[in-house]
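Peer 1: Take a look at data-v3.cif, mmCIF, C-alpha atoms and all ligand atoms:
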```cif
data_work
#
loop_
_atom_site.label_atom_id
_atom_site.label_comp_id
_atom_site.auth_asym_id
_atom_site.auth_seq_id
_atom_site.Cartn_x
_atom_site.Cartn_y
_atom_site.Cartn_z
CA MET A 1 20.10 -19.85 -84.51
CA SER A 2 22.88 -21.34 -82.44
CA TRP A 3 24.48 -24.21 -84.27
CA THR A 4 25.71 -27.33 -82.46
CA LYS A 5 28.52 -27.53 -85.03
CA SER A 6 29.71 -25.24 -87.81
CA ILE A 7 31.55 -27.48 -90.26
CA LEU A 8 33.86 -26.22 -93.00
CA VAL A 9 33.53 -28.65 -95.91
CA THR A 10 36.30 -27.85 -98.38
CA GLY A 11 35.73 -28.79 -102.02
CA GLY A 12 31.97 -28.95 -101.43
CA ALA A 13 31.17 -27.85 -104.98
CA GLY A 14 33.00 -30.87 -106.44
CA PHE A 15 31.78 -34.38 -107.07
CA ILE A 16 32.12 -36.11 -103.69
CA GLY A 17 31.92 -32.90 -101.63
CA SER A 18 28.49 -32.06 -103.04
CA HIS A 19 27.17 -35.49 -102.03
CA VAL A 20 28.66 -35.11 -98.54
CA ILE A 21 27.03 -31.68 -98.13
CA ARG A 22 23.66 -32.92 -99.39
CA ARG A 23 23.70 -35.66 -96.75
CA LEU A 24 24.85 -33.49 -93.83
CA ILE A 25 22.45 -30.63 -94.61
CA SER A 26 19.36 -32.79 -94.55
CA LYS A 27 20.38 -35.15 -91.75
CA TYR A 28 21.71 -32.57 -89.28
CA PRO A 29 19.54 -29.42 -89.28
CA ASN A 30 21.41 -28.18 -86.19
CA TYR A 31 24.75 -28.12 -87.99
CA ARG A 32 25.77 -25.20 -90.17
CA ILE A 33 27.56 -26.50 -93.27
CA VAL A 34 29.98 -24.03 -94.83
CA ASN A 35 30.96 -25.00 -98.35
CA PHE A 36 34.47 -23.55 -98.83
CA ASP A 37 35.43 -23.87 -102.48
CA LYS A 38 37.55 -22.00 -105.01
CA LEU A 39 35.32 -23.16 -107.91
CA THR A 40 38.04 -24.50 -110.18
CA TYR A 41 37.06 -26.21 -113.44
CA ALA A 42 35.91 -29.15 -111.25
CA GLY A 43 33.71 -27.16 -108.88
CA ASN A 44 30.20 -26.18 -109.85
CA LEU A 45 27.53 -24.64 -107.62
CA GLU A 46 24.89 -26.21 -109.83
CA ASN A 47 25.82 -29.48 -108.09
CA LEU A 48 24.05 -28.16 -104.99
CA LYS A 49 21.18 -26.22 -106.44
CA ASP A 50 18.60 -28.57 -104.88
CA ILE A 51 19.72 -27.67 -101.33
CA ASP A 52 21.30 -24.22 -101.55
CA HIS A 53 18.18 -22.53 -100.16
CA MET A 54 18.45 -24.44 -96.86
CA ASP A 55 19.03 -22.29 -93.74
CA ASN A 56 21.93 -24.41 -92.52
CA TYR A 57 23.90 -24.12 -95.79
CA VAL A 58 26.36 -21.35 -96.65
CA PHE A 59 28.66 -21.04 -99.66
CA CYS A 60 31.98 -19.28 -99.01
CA LYS A 61 34.20 -18.79 -102.05
CA GLY A 62 37.77 -19.31 -100.92
CA ASP A 63 41.11 -20.85 -101.71
CA ILE A 64 42.89 -23.30 -99.40
CA CYS A 65 46.15 -21.95 -100.83
CA ASP A 66 45.34 -18.56 -99.29
CA PRO A 67 45.63 -18.77 -95.48
CA THR A 68 43.86 -15.42 -95.02
CA SER A 69 40.73 -16.62 -96.80
CA ILE A 70 40.69 -19.74 -94.59
CA GLN A 71 41.17 -17.67 -91.44
CA ASP A 72 38.39 -15.27 -92.47
CA ALA A 73 36.01 -18.20 -92.93
CA PHE A 74 36.99 -19.66 -89.54
CA ASN A 75 36.34 -16.29 -87.87
CA LYS A 76 33.15 -15.40 -89.70
CA TYR A 77 31.49 -18.81 -89.33
CA GLU A 78 33.06 -19.88 -85.98
CA ILE A 79 34.20 -23.13 -87.55
CA THR A 80 34.16 -26.08 -85.13
CA ASP A 81 35.23 -28.87 -87.50
CA VAL A 82 36.73 -29.44 -90.94
CA ILE A 83 35.90 -32.10 -93.50
CA HIS A 84 38.60 -31.59 -96.11
CA LEU A 85 37.93 -32.71 -99.68
CA ALA A 86 39.29 -29.81 -101.77
CA ALA A 87 41.98 -31.11 -104.09
CA GLU A 88 43.19 -31.43 -107.60
CA SER A 89 41.88 -34.93 -108.24
CA HIS A 90 42.64 -36.14 -111.75
CA VAL A 91 45.69 -38.38 -112.31
CA ASP A 92 46.15 -37.41 -115.98
CA ARG A 93 46.29 -33.72 -115.07
CA SER A 94 48.85 -34.51 -112.37
CA ILE A 95 51.05 -36.12 -115.01
CA SER A 96 50.95 -33.08 -117.28
CA GLY A 97 51.19 -30.52 -114.42
CA PRO A 98 52.39 -31.89 -111.08
CA MET A 99 53.12 -28.56 -109.36
CA GLU A 100 49.45 -27.56 -109.15
CA PHE A 101 48.92 -30.78 -107.19
CA VAL A 102 51.72 -29.98 -104.75
CA ILE A 103 50.36 -26.49 -104.20
CA THR A 104 46.69 -27.40 -103.76
CA ASN A 105 46.90 -30.82 -102.18
CA VAL A 106 49.98 -30.47 -99.99
CA VAL A 107 50.38 -26.75 -99.26
CA GLY A 108 46.59 -26.21 -99.17
CA THR A 109 46.18 -29.00 -96.60
CA VAL A 110 48.98 -27.62 -94.40
CA ASN A 111 47.38 -24.14 -94.60
CA LEU A 112 44.12 -25.61 -93.32
CA LEU A 113 45.87 -27.53 -90.56
CA ASN A 114 47.67 -24.34 -89.45
CA VAL A 115 44.47 -22.31 -89.25
CA ALA A 116 42.71 -25.12 -87.34
CA LYS A 117 45.67 -25.46 -84.97
CA SER A 118 45.78 -21.76 -84.13
CA SER A 119 42.00 -21.14 -84.04
CA TRP A 120 40.85 -24.07 -81.91
CA LYS A 121 41.60 -23.99 -78.19
CA VAL A 122 40.60 -27.40 -76.80
CA TYR A 123 41.51 -29.83 -79.57
CA SER A 124 39.35 -32.67 -78.24
CA ASN A 125 36.26 -30.54 -79.06
CA HIS A 126 37.11 -30.33 -82.75
CA ILE A 127 37.67 -32.75 -85.63
CA PHE A 128 39.89 -32.33 -88.67
CA TYR A 129 38.84 -35.03 -91.12
CA HIS A 130 40.91 -35.60 -94.26
CA ILE A 131 39.36 -37.41 -97.24
CA SER A 132 41.97 -39.37 -99.15
CA THR A 133 42.41 -42.09 -101.72
CA ASP A 134 43.49 -45.74 -101.88
CA GLU A 135 46.00 -44.68 -104.56
CA VAL A 136 48.47 -43.75 -101.77
CA TYR A 137 49.11 -47.49 -101.30
CA GLY A 138 50.46 -47.93 -104.83
CA SER A 139 49.53 -50.74 -107.20
CA LEU A 140 48.56 -54.36 -106.49
CA GLY A 141 49.41 -57.52 -108.41
CA GLU A 142 46.72 -60.06 -109.17
CA GLU A 143 46.22 -60.97 -105.51
CA GLY A 144 45.77 -59.06 -102.26
CA LEU A 145 43.93 -56.02 -100.93
CA PHE A 146 45.00 -52.67 -99.49
CA GLU A 147 44.70 -52.63 -95.70
CA GLU A 148 45.04 -49.64 -93.38
CA THR A 149 48.51 -50.95 -92.48
CA THR A 150 49.71 -51.33 -96.09
CA PRO A 151 52.86 -49.20 -96.50
CA TYR A 152 52.45 -46.09 -98.60
CA ASP A 153 53.88 -46.39 -102.12
CA PRO A 154 52.38 -43.60 -104.23
CA ARG A 155 53.35 -43.73 -107.88
CA SER A 156 51.63 -40.82 -109.64
CA PRO A 157 52.07 -37.12 -108.85
CA TYR A 158 48.41 -37.13 -107.71
CA SER A 159 48.84 -40.03 -105.29
CA ALA A 160 52.19 -38.65 -104.08
CA SER A 161 50.49 -35.35 -103.23
CA LYS A 162 47.64 -37.11 -101.40
CA ALA A 163 50.11 -39.34 -99.52
CA SER A 164 52.01 -36.25 -98.46
CA SER A 165 48.86 -34.52 -97.23
CA ASP A 166 47.87 -37.66 -95.27
CA HIS A 167 51.30 -37.61 -93.60
CA PHE A 168 50.91 -33.94 -92.66
CA VAL A 169 47.49 -34.60 -91.11
CA ARG A 170 48.94 -37.44 -89.02
CA ALA A 171 51.97 -35.30 -88.13
CA TYR A 172 49.68 -32.54 -86.75
CA HIS A 173 47.94 -35.19 -84.65
CA HIS A 174 51.15 -36.61 -83.22
CA THR A 175 53.05 -33.35 -82.86
CA TYR A 176 50.39 -30.87 -81.79
CA GLY A 177 47.57 -33.12 -80.60
CA LEU A 178 44.91 -32.11 -83.14
CA GLN A 179 42.02 -34.57 -83.25
CA VAL A 180 42.17 -36.01 -86.77
CA LYS A 181 40.45 -38.71 -88.79
CA LEU A 182 41.38 -40.00 -92.24
CA SER A 183 39.80 -42.24 -94.82
CA ASN A 184 41.22 -43.72 -98.00
CA CYS A 185 38.59 -44.64 -100.54
CA SER A 186 38.54 -46.49 -103.85
CA ASN A 187 37.22 -45.04 -107.15
CA ASN A 188 33.86 -43.33 -106.79
CA TYR A 189 31.14 -43.13 -109.42
CA GLY A 190 27.73 -41.48 -109.49
CA SER A 191 25.94 -38.28 -110.43
CA HIS A 192 27.77 -34.94 -110.77
CA GLN A 193 31.19 -36.46 -111.54
CA PHE A 194 33.20 -34.32 -113.91
CA PRO A 195 33.33 -36.07 -117.30
CA GLU A 196 37.10 -36.42 -117.44
CA LYS A 197 36.99 -39.49 -115.15
CA LEU A 198 36.42 -42.88 -116.74
CA ILE A 199 32.69 -43.55 -116.20
CA PRO A 200 31.18 -40.12 -117.01
CA LEU A 201 33.66 -39.63 -119.87
CA MET A 202 32.54 -42.86 -121.51
CA ILE A 203 28.86 -42.01 -121.08
CA HIS A 204 29.42 -38.51 -122.45
CA ASN A 205 31.35 -39.82 -125.47
CA VAL A 206 28.76 -42.47 -126.33
CA LEU A 207 26.06 -39.80 -126.25
CA ASN A 208 28.14 -37.66 -128.59
CA ASN A 209 29.15 -40.54 -130.84
CA LYS A 210 32.82 -39.96 -130.02
CA GLU A 211 35.59 -42.56 -129.62
CA LEU A 212 35.90 -44.26 -126.22
CA PRO A 213 39.62 -44.04 -125.34
CA VAL A 214 40.74 -47.11 -123.38
CA TYR A 215 44.30 -46.77 -122.09
CA GLY A 216 46.84 -49.53 -122.78
CA ASP A 217 45.44 -53.08 -122.88
CA GLY A 218 42.30 -52.10 -120.91
CA LYS A 219 43.06 -54.68 -118.24
CA ASN A 220 43.89 -52.32 -115.39
CA ILE A 221 41.56 -52.94 -112.47
CA ARG A 222 39.72 -50.48 -110.25
CA ASP A 223 37.35 -51.05 -107.31
CA TRP A 224 34.23 -48.91 -107.79
CA LEU A 225 32.05 -47.44 -105.04
CA TRP A 226 28.81 -45.48 -105.40
CA VAL A 227 29.48 -41.91 -104.25
CA VAL A 228 26.44 -41.83 -101.95
CA ASP A 229 27.87 -44.82 -100.07
CA HIS A 230 31.12 -42.89 -99.71
CA ALA A 231 29.18 -39.93 -98.28
CA ILE A 232 27.46 -42.27 -95.79
CA ALA A 233 30.86 -43.67 -94.75
CA ILE A 234 32.22 -40.13 -94.27
CA ASP A 235 29.25 -39.24 -92.05
CA GLU A 236 29.86 -42.41 -90.03
CA ILE A 237 33.60 -41.82 -89.61
CA PHE A 238 33.16 -38.14 -88.77
CA HIS A 239 30.74 -39.01 -85.95
CA ASN A 240 31.97 -42.39 -84.71
CA GLY A 241 35.50 -42.94 -86.03
CA LYS A 242 38.36 -42.91 -83.54
CA ASN A 243 40.75 -40.02 -83.04
CA GLY A 244 43.96 -40.43 -85.07
CA GLU A 245 42.67 -43.42 -87.03
CA THR A 246 42.42 -44.25 -90.70
CA TYR A 247 39.59 -46.17 -92.36
CA ASN A 248 39.73 -47.78 -95.79
CA ILE A 249 36.50 -47.51 -97.78
CA GLY A 250 35.76 -49.68 -100.80
CA GLY A 251 33.13 -51.57 -102.71
CA LEU A 252 34.64 -55.08 -103.08
CA ASN A 253 33.72 -54.45 -106.69
CA GLU A 254 36.67 -54.94 -109.03
CA TRP A 255 36.38 -54.39 -112.76
CA THR A 256 38.89 -54.29 -115.59
CA ASN A 257 38.47 -51.02 -117.47
CA ILE A 258 37.54 -52.76 -120.70
CA GLU A 259 34.81 -54.89 -119.10
CA LEU A 260 33.42 -51.83 -117.39
CA VAL A 261 33.40 -49.79 -120.60
CA LYS A 262 31.66 -52.63 -122.44
CA THR A 263 29.03 -52.83 -119.68
CA ILE A 264 28.39 -49.08 -119.94
CA CYS A 265 28.04 -49.47 -123.72
CA SER A 266 25.53 -52.26 -123.46
CA LEU A 267 23.46 -50.45 -120.79
CA LEU A 268 23.41 -47.33 -122.96
CA ASP A 269 22.38 -49.28 -126.06
CA LYS A 270 19.42 -50.68 -124.12
CA LYS A 271 18.44 -47.38 -122.52
CA LEU A 272 18.71 -45.50 -125.81
CA ASP A 273 17.00 -48.25 -127.72
CA ARG A 274 19.90 -48.62 -130.13
CA PRO A 275 21.01 -51.86 -131.82
CA ALA A 276 23.21 -54.03 -129.58
CA ASP A 277 26.96 -53.34 -130.02
CA SER A 278 26.45 -49.91 -131.55
CA SER A 279 28.24 -48.12 -128.68
CA GLU A 280 30.97 -50.75 -128.33
CA LYS A 281 32.13 -49.96 -131.85
CA LEU A 282 33.36 -46.63 -130.51
CA ILE A 283 35.96 -48.30 -128.23
CA THR A 284 39.48 -47.27 -129.25
CA TYR A 285 42.65 -48.48 -127.55
CA VAL A 286 45.00 -45.53 -127.05
CA LYS A 287 48.49 -44.95 -125.67
CA ASP A 288 48.74 -46.03 -122.04
CA ARG A 289 48.86 -43.55 -119.17
CA ALA A 290 52.45 -43.03 -117.97
CA GLY A 291 53.11 -45.10 -114.82
CA HIS A 292 49.56 -46.52 -114.98
CA ASP A 293 48.79 -48.38 -111.72
CA ARG A 294 47.63 -51.90 -112.55
CA ARG A 295 45.19 -52.78 -109.81
CA TYR A 296 43.52 -51.19 -106.78
CA ALA A 297 41.37 -53.16 -104.33
CA ILE A 298 40.34 -52.40 -100.77
CA ASP A 299 39.92 -54.44 -97.63
CA ALA A 300 37.07 -52.52 -95.96
CA SER A 301 36.64 -54.91 -93.00
CA LYS A 302 37.74 -52.32 -90.41
CA ILE A 303 34.96 -49.84 -91.21
CA GLU A 304 32.48 -52.69 -91.54
CA ASN A 305 33.42 -54.28 -88.18
CA ASP A 306 33.98 -51.06 -86.18
CA LEU A 307 31.29 -48.79 -87.63
CA GLY A 308 28.85 -51.18 -89.29
CA TRP A 309 29.25 -49.57 -92.73
CA LYS A 310 28.99 -51.45 -95.99
CA PRO A 311 27.86 -50.47 -99.50
CA SER A 312 24.08 -50.04 -99.63
CA ILE A 313 23.46 -50.93 -103.28
CA THR A 314 24.86 -53.25 -105.90
CA PHE A 315 27.08 -52.00 -108.72
CA GLU A 316 24.40 -52.91 -111.27
CA GLU A 317 21.88 -50.66 -109.51
CA GLY A 318 24.39 -47.85 -108.96
CA LEU A 319 25.66 -47.87 -112.54
CA SER A 320 22.15 -47.90 -113.95
CA LYS A 321 21.08 -44.96 -111.71
CA THR A 322 24.25 -43.10 -112.70
CA ILE A 323 23.65 -43.52 -116.42
CA ASP A 324 20.03 -42.42 -115.96
CA TRP A 325 21.24 -39.27 -114.21
CA TYR A 326 23.61 -38.35 -117.05
CA LEU A 327 20.88 -39.04 -119.62
CA ALA A 328 18.51 -36.72 -117.76
CA ASN A 329 21.11 -34.00 -117.20
CA SER A 330 22.68 -33.29 -120.56
CA ALA A 331 22.51 -29.54 -119.82
CA TRP A 332 24.75 -30.07 -116.77
CA ILE A 333 27.34 -31.87 -118.90
CA GLU A 334 27.22 -29.16 -121.57
CA ASN A 335 27.67 -26.51 -118.93
CA VAL A 336 30.62 -28.07 -117.07
CA THR A 337 32.44 -29.12 -120.23
CA SER A 338 32.33 -25.74 -121.90
CA GLY A 339 35.25 -23.30 -122.05
CA GLU A 340 38.55 -24.21 -120.45
CA TYR A 341 37.77 -27.92 -120.24
CA ARG A 342 37.00 -28.28 -123.91
CA ASN A 343 40.48 -26.96 -124.80
CA TYR A 344 42.19 -29.24 -122.27
CA TYR A 345 40.32 -32.30 -123.48
CA GLN A 346 41.07 -31.59 -127.11
CA GLN A 347 44.79 -31.27 -126.31
CA GLN A 348 44.83 -34.57 -124.33
CA TYR A 349 42.96 -36.32 -127.08
CA GLU A 350 45.42 -35.17 -129.75
CA GLU A 351 48.44 -36.17 -127.60
CA ARG A 352 47.17 -39.74 -127.06
CA GLY A 353 46.47 -40.28 -130.76
P1 LIG A 401 36.63 -32.94 -107.68
O1 LIG A 401 37.81 -32.64 -108.56
O2 LIG A 401 35.31 -33.30 -108.27
O3 LIG A 401 36.35 -31.67 -106.73
C1 LIG A 401 37.38 -30.96 -106.10
C2 LIG A 401 36.77 -29.68 -105.53
O4 LIG A 401 37.82 -28.97 -104.85
C3 LIG A 401 36.21 -28.73 -106.60
O5 LIG A 401 34.95 -28.25 -106.20
C4 LIG A 401 37.23 -27.61 -106.65
O6 LIG A 401 36.66 -26.35 -107.03
C5 LIG A 401 37.74 -27.61 -105.22
N1 LIG A 401 39.08 -27.02 -105.10
C6 LIG A 401 40.19 -27.33 -105.85
N2 LIG A 401 41.22 -26.56 -105.48
C7 LIG A 401 40.77 -25.76 -104.46
C8 LIG A 401 41.38 -24.77 -103.65
N3 LIG A 401 42.66 -24.40 -103.84
N4 LIG A 401 40.66 -24.18 -102.68
C9 LIG A 401 39.33 -24.52 -102.48
N5 LIG A 401 38.71 -25.44 -103.25
C10 LIG A 401 39.42 -26.06 -104.22
O7 LIG A 401 37.15 -34.06 -106.67
P2 LIG A 401 36.37 -35.32 -106.07
O8 LIG A 401 36.46 -36.42 -107.03
O9 LIG A 401 35.07 -34.88 -105.54
O10 LIG A 401 37.35 -35.66 -104.86
C11 LIG A 401 37.19 -35.03 -103.59
C12 LIG A 401 38.25 -35.56 -102.64
O11 LIG A 401 38.11 -36.97 -102.51
C13 LIG A 401 39.67 -35.30 -103.11
O12 LIG A 401 40.44 -34.95 -101.99
C14 LIG A 401 40.11 -36.64 -103.69
O13 LIG A 401 41.50 -36.81 -103.56
C15 LIG A 401 39.34 -37.60 -102.81
N6 LIG A 401 39.01 -38.90 -103.42
C16 LIG A 401 38.40 -38.95 -104.65
C17 LIG A 401 38.05 -40.19 -105.18
C18 LIG A 401 37.33 -40.29 -106.50
O14 LIG A 401 37.10 -41.40 -107.00
N7 LIG A 401 36.90 -39.21 -107.12
C19 LIG A 401 38.33 -41.36 -104.48
C20 LIG A 401 38.95 -41.28 -103.22
C21 LIG A 401 39.28 -40.03 -102.71
P1 LIG A 402 40.15 -42.42 -113.67
O1 LIG A 402 38.68 -42.30 -113.72
O2 LIG A 402 40.98 -41.29 -114.21
O3 LIG A 402 40.53 -42.71 -112.15
P2 LIG A 402 41.97 -43.15 -111.49
O4 LIG A 402 43.04 -42.96 -112.47
O5 LIG A 402 42.08 -42.22 -110.33
O6 LIG A 402 41.78 -44.57 -111.08
O7 LIG A 402 40.59 -43.73 -114.43
C1 LIG A 402 40.08 -44.99 -114.07
C2 LIG A 402 40.76 -46.05 -114.91
O8 LIG A 402 40.35 -45.86 -116.28
C3 LIG A 402 42.26 -45.93 -114.93
O9 LIG A 402 42.82 -47.25 -114.99
C4 LIG A 402 42.58 -45.19 -116.22
C5 LIG A 402 41.47 -45.63 -117.14
N1 LIG A 402 41.04 -44.65 -118.15
C6 LIG A 402 40.93 -45.01 -119.50
O10 LIG A 402 41.23 -46.15 -119.89
N2 LIG A 402 40.50 -44.08 -120.40
C7 LIG A 402 40.17 -42.82 -120.02
O11 LIG A 402 39.79 -41.98 -120.89
C8 LIG A 402 40.25 -42.46 -118.62
C9 LIG A 402 39.92 -41.06 -118.15
C10 LIG A 402 40.69 -43.41 -117.73
#
```
The structure in this file should be written as structure tokens.

Peer 2:
Amino acid sequence: MSWTKSILVTGGAGFIGSHVIRRLISKYPNYRIVNFDKLTYAGNLENLKDIDHMDNYVFCKGDICDPTSIQDAFNKYEITDVIHLAAESHVDRSISGPMEFVITNVVGTVNLLNVAKSSWKVYSNHIFYHISTDEVYGSLGEEGLFEETTPYDPRSPYSASKASSDHFVRAYHHTYGLQVKLSNCSNNYGSHQFPEKLIPLMIHNVLNNKELPVYGDGKNIRDWLWVVDHAIAIDEIFHNGKNGETYNIGGLNEWTNIELVKTICSLLDKKLDRPADSSEKLITYVKDRAGHDRRYAIDASKIENDLGWKPSITFEEGLSKTIDWYLANSAWIENVTSGEYRNYYQQQYEERG
């Protein structure tokens, strides 16, 4: 088979990466999709077990911090494009161990850029697409939205590492002429998200009758987007976005954490046929996250006007589907939260009190 593209998707065994791969594999049978992933605690090949038999899918275990393993993958699979999602992605972990974030998110990204720069001959034939976060823009007050032109103001080690990697991607465009695209997205939710992030953690804890730890006063605000809509946006930007440009992606769907947690509780009570308020009783206010950003919200008018993208489903539908998926996949949760994660979670839990 001669492939029209051979795309290296880094971090494809993670939450968003697995949704991106699922979409590309089925929509583009002429593309070979190479899932390049180190399989950290956050990466799980089970996330792709429904498509891993497809002819145009290959898994390649590798580490973006090891330039040789990237180069080998480029050579072996004649990589034409990169969609880069591999990262350390959890803010709380970045607070307790920032260096891992510098190494994976910054050094790993520069390693990938270097291999792309030296392997590709005519840069206009190849795309290096970096998936990033709205957290690079900092924290908003009660008003306003992040735009593509909002100055960077990262405030956690995670967002500082992502901001740095964004800058390197742009620097390789301006300095060496690589064709690059970037997108900065708000908080994703959906199936296969590791249960250390807010929504799956709360679902998991309700199911296990454990406390629901809400940081600080619970009034921090996040804009939530269904992960499948993020994958659709990534497909759109990869194919139709402009060289060197950045696109903000968001759901225009702001929630305070406490309202969101209460909504999850009430949906779970209904779905599990439990008395109303039984899950809400598990809510426990705990010590705030250090440097906790107050509010994120995205102006997604550029991607809507230029590429015709907007979220395909409402939050109510997406949240309900998500909860149904976790209810139907308790074995997945058991599997991914065993071992190393259990120890980490226990330690975090004890520290917050
Ligand atoms: P995730 O933590 O679920 O998955 C990360 C994946 O990267 C895992 O499969 C892991 O094994 C892999 N990985 C980590 N280090 C690696 C290395 N050194 N080499 C190769 N693979 C490695 O993350 P996610 O939530 O799916 O996020 C994916 C990307 O999207 C990240 O770059 C993140 O910054 C960005 N993003 C996430 C969100 C969100 O809400 N989750 C929002 C906007 C942007
Ligand atoms: P999270 O899912 O970690 O995403 P991010 O920090 O990247 O936005 O957290 C979402 C929000 O929920 C954030 O304001 C922190 C808060 N939060 C809690 O209140 N309790 C928790 O146990 C977690 C994990 C997060």

Peer 1: Would you compute the distance between atom CA of A:Met202 and atom CA of A:Ser330? Give it in Å to one decimal.

Peer 2: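 It comes out at 13.8 Å.
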
Peer 1: So the first atom is atom CA of A:Phe101 and the second is atom CA of A:Ser161; what is the distance between them in Å, to one decimal place?

Peer 2: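 The value is 6.2 Å.
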
Peer 1: Counting all atoms listed in the file, which of A:Gly308, A:Gly12, A:Gly144, A:Pro275 gets nearest to A:Leu252?

Peer 2: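 Looking only at the distances to A:Leu252, the closest residue turns out to be A:Gly144.
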
Peer 1: Identify, counting all atoms listed in the file, the protein, DNA and RNA residues located within 6 Å of ligand LIG 402 (chain A), and give them as a list in words.

Peer 2: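 Using all atoms listed in the file, I find these residues within 6 Å of ligand LIG 402 (chain A): His90, Val91, Glu196, Lys197, Leu198, Pro213, Val214, Tyr215, Asn220 and Asn257 of chain A.
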
Peer 1: Within 6 Å of ligand LIG 401 (chain A), which residues of chain A come that close, and what is the closest atom pair and distance in Å for each? Count all atoms listed in the file and give it as CSV.

Peer 2:
```
residue,atom,partner,partner_atom,distance
A:Thr10,CA,A:LIG401,N5,5.9
A:Gly11,CA,A:LIG401,O4,3.5
A:Gly12,CA,A:LIG401,O5,5.7
A:Ala13,CA,A:LIG401,O5,4.0
A:Gly14,CA,A:LIG401,O5,3.3
A:Phe15,CA,A:LIG401,O9,3.7
A:Ile16,CA,A:LIG401,O9,3.7
A:Gly17,CA,A:LIG401,O9,5.4
A:Asp37,CA,A:LIG401,N5,3.7
A:Lys38,CA,A:LIG401,C9,4.0
A:Leu39,CA,A:LIG401,O6,3.6
A:Thr40,CA,A:LIG401,O6,3.9
A:Ala42,CA,A:LIG401,C3,4.7
A:Gly43,CA,A:LIG401,O5,3.1
A:Gly62,CA,A:LIG401,C9,5.7
A:Asp63,CA,A:LIG401,N4,3.5
A:Ile64,CA,A:LIG401,N4,4.1
A:Cys65,CA,A:LIG401,N3,5.2
A:Leu85,CA,A:LIG401,O12,4.1
A:Ala86,CA,A:LIG401,O4,3.5
A:Ala87,CA,A:LIG401,C6,4.5
A:Glu88,CA,A:LIG401,C6,5.4
A:Ser89,CA,A:LIG401,O1,4.7
A:Thr104,CA,A:LIG401,N3,5.0
A:Ile131,CA,A:LIG401,O11,5.4
A:Ser132,CA,A:LIG401,C21,4.5
A:Thr133,CA,A:LIG401,C20,3.9
A:Cys185,CA,A:LIG401,C20,4.3
A:Ser186,CA,A:LIG401,C19,5.2
A:Asn187,CA,A:LIG401,O14,3.6
A:Asn188,CA,A:LIG401,O14,3.8
```

Peer 1: Would you mind telling me which residue in A:Asp134, A:Asp235, A:Asp55, A:Glu142 lies nearest to A:Ile21 when using only C-alpha atoms?

Peer 2: A:Asp235

Peer 1: Between atom CA of A:Tyr158 and atom CA of A:Ile221, measure the distance and give it in Å to one decimal.

Peer 2: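 Between these atoms lies a distance of 17.9 Å.
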
Peer 1: Near A:Lys302, within 10 Å and counting only C-alpha atoms, which residues show up once chain neighbours fewer than 2 positions away are dropped, as an NGL selection string?

Peer 2: :A and (147-148 or 246-249 or 299-300 or 304-309)

Peer 1: Please provide the set of residues having any atom within 10 Å of A:Leu327, restricted to all atoms listed in the file, with same-chain residues fewer than 2 positions apart removed, written as number ranges by chain.

Peer 2: A: 203-204, 207, 268, 271-272, 321-325, 329-331, 333

Peer 1: Which residue out of A:Pro195, A:Glu280, A:Thr175, A:Ile298 has the minimum interatomic distance to A:Tyr41 when all atoms listed in the file are used?

Peer 2: A:Pro195
